[in-house]
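Here the structure comes first, spelled out in structure tokens, and everything after it is commentary.
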Amino acid sequence: MPGEIYVPELGESVADATVGQWLKKEGDTVEAGEPLVELETDKINFEVEAESDGVLESIAKGEGETVNVGEVIGTIGAGDGAAGGDGVAAPQAEEEETAEEAEAGPTGDGGEAEEEESEPERREAVGEEAEEVTEADGHRASPSVRKLAREYDIELSEVSGSGSGGRVTKEDVERLIRDRYSAPAGGPKEKTSTEAPERRQREEAPAAQDGRGALEERVRLSRRRQTIAKRLVEAQQTAAMLTTFNEADMSAVMDLRNRRKERFQERHDGVRLGFMSFFTKAAIGALKAFPKVNAELQEDELVLKSYYDIGVAVSTDEGLVVPVVRNADKKSFAEIEGDIADLGRRARNGKLGLEELRGGTFTITNGGIFGSLNSTPILNVPQVAILGMHKIQERPVVVDGEIQIRPMMYLALSYDHRIVDGAEAVSFLVRIKDLIEDPEALLLEG
């Protein structure tokens, strides 16, 4: 018996997924534990592995289709090569038998050759084996053919059936569609947009743009990208989002880092001392001073949180993800740097679990690694604030009445004005600035 491939449990509160990419084709040999298909959820992608050796016998759900937990998306056959067995040998034997019959040629008792089934009819019959061909209004057709006719507003009485027994085939309907929508300039006028189905309009649109359709490519949006788009729009539509800016002199942090980074890396098994641990500690110090920035609005109640799970935005090939450093207030600089490096690496390799993306009380995003000088980050709802770091750039600043060249970074804090007042947001960002410019204070404040 074939082994069925099921959609596994996807995690708490995740009921469905999208088939992203089949890593094997029908007929391919597979081994137990080998990845078969990649499924996409709102937050992560993961691979479904084969539970036994065999051959991928069938694929029930194609790329882009939505599947639910426990649903069968394919089958694995034994693949033992035995004709008539449960593997794939039986279909191969049927193909050989068909080839032998074709070579022998059609014969009949009366010396009159039997009529061969045409190639289009054979293909149609094979494709409709799983469908019941029904008769309605005197016309025989499968459900899929009837659906195609309805989509293009075609009556089956208009179609001449070329299948066995006068059955209307898919090719018959497609032929009429081509004739109807490809009339010459001097011929009958094409149906209006209200008569032609919406799908037809989408397919024909590129051709009408001076032949530029050949220069366009249509790419299916991944499940994650669709979710990112929805959440960004949701943040802008539901929150009273505002951004305040400041700048920090990075001289003290950079000096401390340059003096300590080699010893730090040796002491902590290769963990590098970066800027993210400084900003994480500074953010925690500011959150403790301004607890509403570490809150969440639930209907008409404000949930104030006394734990600090800091989300760190990571850019991947499939979009932005925000893994969470749990209980960051209880961790050392080395532990924070190690967690961020590990989460970032696994995010880019698609190996994060749902639990590592869930929750978070405050988010930090660093556009500076891409060269951004300033930006207005969008809230990671339901959080009420997000800190944006940017590129460090040497600029002339006035220090003690003198113009000096200092490494400066613009900071941006986007916040939900429904929860956080402007004065509170500005004071929060100033606290981060002060802690960054005096990193020794992080030992006490962060």
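Every chain in the structure tokens takes a letter, A first, then B, and so on in the order presented; its residues are numbered from 1, and the ligands are numbered from 1 following the presented order.
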Neighbour list for A:Val384 as a ChimeraX atom specification, cut-off 9 Å, only C-alpha atoms, skip fewer than 2 positions in-chain: /A:239,241,292-297,361-362,379-382,386,414-420
Could those selected residues go to a file with N, CA and C atoms, as an mmCIF file, in the first residue's frame?
data_model
loop_
_atom_site.group_PDB
_atom_site.id
_atom_site.type_symbol
_atom_site.label_atom_id
_atom_site.label_comp_id
_atom_site.auth_asym_id
_atom_site.auth_seq_id
_atom_site.Cartn_x
_atom_site.Cartn_y
_atom_site.Cartn_z
ATOM 1 N N ALA A 239 -2.782 51.756 14.310
ATOM 2 C CA ALA A 239 -2.045 52.513 15.323
ATOM 3 C C ALA A 239 -1.892 53.971 14.894
ATOM 4 N N MET A 241 0.600 56.034 14.567
ATOM 5 C CA MET A 241 2.053 55.894 14.552
ATOM 6 C C MET A 241 2.728 57.236 14.297
ATOM 7 N N LYS A 292 5.468 52.168 29.973
ATOM 8 C CA LYS A 292 4.393 52.122 28.962
ATOM 9 C C LYS A 292 4.924 51.798 27.571
ATOM 10 N N VAL A 293 6.219 52.043 27.338
ATOM 11 C CA VAL A 293 6.807 51.712 26.037
ATOM 12 C C VAL A 293 6.977 50.192 25.907
ATOM 13 N N ASN A 294 6.915 49.499 27.034
ATOM 14 C CA ASN A 294 7.039 48.036 27.048
ATOM 15 C C ASN A 294 5.678 47.393 27.280
ATOM 16 N N ALA A 295 4.627 48.037 26.778
ATOM 17 C CA ALA A 295 3.268 47.588 27.046
ATOM 18 C C ALA A 295 2.594 47.094 25.768
ATOM 19 N N GLU A 296 1.353 46.674 25.920
ATOM 20 C CA GLU A 296 0.536 46.217 24.790
ATOM 21 C C GLU A 296 -0.908 46.602 25.048
ATOM 22 N N LEU A 297 -1.580 47.121 24.032
ATOM 23 C CA LEU A 297 -2.983 47.511 24.152
ATOM 24 C C LEU A 297 -3.880 46.344 23.765
ATOM 25 N N THR A 361 8.394 42.085 23.328
ATOM 26 C CA THR A 361 7.797 43.265 23.947
ATOM 27 C C THR A 361 8.294 44.562 23.323
ATOM 28 N N PHE A 362 9.435 44.516 22.641
ATOM 29 C CA PHE A 362 10.026 45.704 22.030
ATOM 30 C C PHE A 362 10.958 45.219 20.922
ATOM 31 N N LEU A 379 5.859 49.916 13.209
ATOM 32 C CA LEU A 379 5.622 49.140 14.426
ATOM 33 C C LEU A 379 5.477 47.661 14.130
ATOM 34 N N ASN A 380 5.969 46.856 15.037
ATOM 35 C CA ASN A 380 5.778 45.415 15.005
ATOM 36 C C ASN A 380 4.603 45.100 15.934
ATOM 37 N N VAL A 381 3.383 45.304 15.412
ATOM 38 C CA VAL A 381 2.190 45.148 16.256
ATOM 39 C C VAL A 381 2.128 43.735 16.839
ATOM 40 N N PRO A 382 1.610 43.591 18.074
ATOM 41 C CA PRO A 382 0.922 44.583 18.920
ATOM 42 C C PRO A 382 1.842 45.409 19.810
ATOM 43 N N ILE A 386 9.208 50.808 18.415
ATOM 44 C CA ILE A 386 10.326 50.124 17.751
ATOM 45 C C ILE A 386 11.463 51.132 17.593
ATOM 46 N N SER A 414 9.778 54.899 16.520
ATOM 47 C CA SER A 414 8.377 54.961 16.110
ATOM 48 C C SER A 414 7.532 54.400 17.250
ATOM 49 N N TYR A 415 6.409 55.044 17.521
ATOM 50 C CA TYR A 415 5.597 54.635 18.673
ATOM 51 C C TYR A 415 4.117 54.860 18.387
ATOM 52 N N ASP A 416 3.287 54.185 19.157
ATOM 53 C CA ASP A 416 1.839 54.304 19.042
ATOM 54 C C ASP A 416 1.395 55.451 19.941
ATOM 55 N N HIS A 417 0.974 56.542 19.322
ATOM 56 C CA HIS A 417 0.633 57.753 20.077
ATOM 57 C C HIS A 417 -0.623 57.564 20.930
ATOM 58 N N ARG A 418 -1.373 56.504 20.675
ATOM 59 C CA ARG A 418 -2.530 56.213 21.530
ATOM 60 C C ARG A 418 -2.083 55.846 22.940
ATOM 61 N N ILE A 419 -0.884 55.258 23.044
ATOM 62 C CA ILE A 419 -0.389 54.740 24.327
ATOM 63 C C ILE A 419 0.718 55.622 24.883
ATOM 64 N N VAL A 420 1.622 56.039 24.015
ATOM 65 C CA VAL A 420 2.816 56.775 24.443
ATOM 66 C C VAL A 420 2.676 58.237 24.026
#
Spatial neighbours of stretch 375-377 of chain A, 10 Å, only C-alpha atoms, chain gap at least 2 places, as a ChimeraX atom specification: /A:241-245,364-368,372-373,379-380,385-390,410-415
Best match for closeness to A:Asp249 among A:Lys331, A:Arg395, A:Lys24, A:Arg406, counting only C-alpha atoms: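 Result for the nearest residue to A:Asp249: A:Arg406.
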Strand (DSSP E) positions in stretch 208-432 of chain A, given as a ChimeraX atom specification: /A:241-249,295-298,301-304,310-312,314-316,319-321,324-325,362-366,385-389,392-399,402-416
Those same residues - C-alpha atoms - I'd like them written as a PDB file, in the first residue's frame.
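Wrote it out as part25.pdb, contents follow:
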ATOM      1  CA  MET A 241       2.053  55.894  14.552  1.00  0.00           C
ATOM      2  CA  LEU A 242       4.519  58.717  15.006  1.00  0.00           C
ATOM      3  CA  THR A 243       8.344  58.860  14.870  1.00  0.00           C
ATOM      4  CA  THR A 244      10.783  60.947  16.893  1.00  0.00           C
ATOM      5  CA  PHE A 245      14.496  61.312  16.091  1.00  0.00           C
ATOM      6  CA  ASN A 246      17.749  61.946  17.892  1.00  0.00           C
ATOM      7  CA  GLU A 247      21.416  61.254  17.352  1.00  0.00           C
ATOM      8  CA  ALA A 248      24.064  59.558  19.464  1.00  0.00           C
ATOM      9  CA  ASP A 249      27.791  60.101  19.614  1.00  0.00           C
ATOM     10  CA  ALA A 295       3.268  47.588  27.046  1.00  0.00           C
ATOM     11  CA  GLU A 296       0.536  46.217  24.790  1.00  0.00           C
ATOM     12  CA  LEU A 297      -2.983  47.511  24.152  1.00  0.00           C
ATOM     13  CA  GLN A 298      -5.690  44.839  24.434  1.00  0.00           C
ATOM     14  CA  GLU A 301      -6.837  47.660  28.761  1.00  0.00           C
ATOM     15  CA  LEU A 302      -3.131  48.409  28.772  1.00  0.00           C
ATOM     16  CA  VAL A 303      -0.969  45.379  29.610  1.00  0.00           C
ATOM     17  CA  LEU A 304       2.249  46.535  31.287  1.00  0.00           C
ATOM     18  CA  ILE A 310      13.612  41.997  22.678  1.00  0.00           C
ATOM     19  CA  GLY A 311      12.887  41.320  19.012  1.00  0.00           C
ATOM     20  CA  VAL A 312      15.774  41.806  16.585  1.00  0.00           C
ATOM     21  CA  VAL A 314      16.692  40.071  10.515  1.00  0.00           C
ATOM     22  CA  SER A 315      16.584  40.420   6.726  1.00  0.00           C
ATOM     23  CA  THR A 316      16.307  37.137   4.777  1.00  0.00           C
ATOM     24  CA  GLY A 319      11.546  38.958   3.798  1.00  0.00           C
ATOM     25  CA  LEU A 320      11.985  40.374   7.266  1.00  0.00           C
ATOM     26  CA  VAL A 321      11.638  38.174  10.341  1.00  0.00           C
ATOM     27  CA  VAL A 324      13.128  37.206  19.960  1.00  0.00           C
ATOM     28  CA  VAL A 325      15.878  37.285  22.594  1.00  0.00           C
ATOM     29  CA  PHE A 362      10.026  45.704  22.030  1.00  0.00           C
ATOM     30  CA  THR A 363      11.868  45.553  18.680  1.00  0.00           C
ATOM     31  CA  ILE A 364      15.200  46.892  17.419  1.00  0.00           C
ATOM     32  CA  THR A 365      15.939  47.175  13.705  1.00  0.00           C
ATOM     33  CA  ASN A 366      19.300  48.146  12.237  1.00  0.00           C
ATOM     34  CA  ALA A 385       7.321  51.041  19.908  1.00  0.00           C
ATOM     35  CA  ILE A 386      10.326  50.124  17.751  1.00  0.00           C
ATOM     36  CA  LEU A 387      13.866  51.509  17.760  1.00  0.00           C
ATOM     37  CA  GLY A 388      15.689  52.149  14.494  1.00  0.00           C
ATOM     38  CA  MET A 389      19.502  52.182  14.364  1.00  0.00           C
ATOM     39  CA  ILE A 392      27.583  55.449  11.784  1.00  0.00           C
ATOM     40  CA  GLN A 393      28.911  58.469   9.932  1.00  0.00           C
ATOM     41  CA  GLU A 394      31.610  60.936  10.873  1.00  0.00           C
ATOM     42  CA  ARG A 395      30.162  64.455  11.077  1.00  0.00           C
ATOM     43  CA  PRO A 396      31.256  67.813  12.508  1.00  0.00           C
ATOM     44  CA  VAL A 397      29.610  68.445  15.883  1.00  0.00           C
ATOM     45  CA  VAL A 398      30.123  71.061  18.574  1.00  0.00           C
ATOM     46  CA  VAL A 399      31.726  69.636  21.751  1.00  0.00           C
ATOM     47  CA  GLU A 402      34.624  73.447  19.676  1.00  0.00           C
ATOM     48  CA  ILE A 403      33.848  71.811  16.343  1.00  0.00           C
ATOM     49  CA  GLN A 404      35.026  68.205  16.341  1.00  0.00           C
ATOM     50  CA  ILE A 405      34.615  65.258  13.972  1.00  0.00           C
ATOM     51  CA  ARG A 406      32.682  62.520  15.766  1.00  0.00           C
ATOM     52  CA  PRO A 407      31.162  59.178  14.673  1.00  0.00           C
ATOM     53  CA  MET A 408      27.430  59.900  14.879  1.00  0.00           C
ATOM     54  CA  MET A 409      24.355  57.696  14.490  1.00  0.00           C
ATOM     55  CA  TYR A 410      20.801  58.890  13.918  1.00  0.00           C
ATOM     56  CA  LEU A 411      18.260  57.102  16.112  1.00  0.00           C
ATOM     57  CA  ALA A 412      14.538  56.809  15.348  1.00  0.00           C
ATOM     58  CA  LEU A 413      11.755  55.719  17.670  1.00  0.00           C
ATOM     59  CA  SER A 414       8.377  54.961  16.110  1.00  0.00           C
ATOM     60  CA  TYR A 415       5.597  54.635  18.673  1.00  0.00           C
ATOM     61  CA  ASP A 416       1.839  54.304  19.042  1.00  0.00           C
TER      62      ASP A 416
END
In stretch 243-324 of chain A, DSSP alpha helix (DSSP H) residues written as an MDAnalysis selection string: chainID A and resid 251:267 276:289
Selection near A:Arg225, 9 Å with only C-alpha atoms, sequence-local residues under 4 positions removed, as a list in words: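 My reading of the contact set: Asp42, Leu221, Ala229, Lys230, Glu318, Gly319 and Leu320 of chain A.
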Produce a file of the selected residues containing C-alpha atoms, as a PDB file, in the first residue's frame.
ATOM      1  CA  ASP A  42       2.960  33.042   8.036  1.00  0.00           C
ATOM      2  CA  LEU A 221       4.302  35.928  -3.448  1.00  0.00           C
ATOM      3  CA  ALA A 229       2.384  42.984   3.669  1.00  0.00           C
ATOM      4  CA  LYS A 230      -0.808  42.483   5.702  1.00  0.00           C
ATOM      5  CA  GLU A 318      12.057  35.820   1.761  1.00  0.00           C
ATOM      6  CA  GLY A 319      11.546  38.958   3.798  1.00  0.00           C
ATOM      7  CA  LEU A 320      11.985  40.374   7.266  1.00  0.00           C
TER       8      LEU A 320
END
Non-local contacts of A:Tyr307 (7 Å; only C-alpha atoms; under 2 positions in same chain excluded) as a PyMOL selection string: chain A and resi 305+309+327
Distance query A:Gly64 at most 9 Å, only C-alpha atoms, self and fewer than 3 positions along chain excluded, as a PyMOL selection string: chain A and resi 18-21+61+220-223
Keeping only C-alpha atoms, write the selected residues as a CSV table (one decimal), in the first residue's frame.
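Saved file out_0.csv follows:
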chain,number,residue,atom,x,y,z
A,18,THR,CA,1.0,27.0,1.5
A,19,VAL,CA,2.9,24.5,-0.6
A,20,GLY,CA,6.0,26.4,-1.5
A,21,GLN,CA,8.2,24.0,-3.5
A,61,LYS,CA,-1.2,19.4,-3.8
A,220,ARG,CA,4.1,34.1,-6.8
A,221,LEU,CA,4.3,35.9,-3.4
A,222,SER,CA,5.5,33.6,-0.7
A,223,ARG,CA,3.2,33.1,2.3
Polymer residues at most 7 Å from stretch 48-58 of chain A, only C-alpha atoms, same-chain spacing of 5 or more positions, as a PyMOL selection string: chain A and resi 25-38+74-79+88
Who sits within 12 Å of A:Phe278, only C-alpha atoms, same chain under 4 positions skipped, as a ChimeraX atom specification: /A:250,252-254,256-257,273-274,282-285,328-329,332-334,336-337,364,389,432-443,445-446
Nearest residue to A:Leu39 from the set A:Val219, A:Gly350, A:Pro291, A:Glu4 (distances using only C-alpha atoms):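 Of the candidates, the smallest distance to A:Leu39 is held by A:Gly350.
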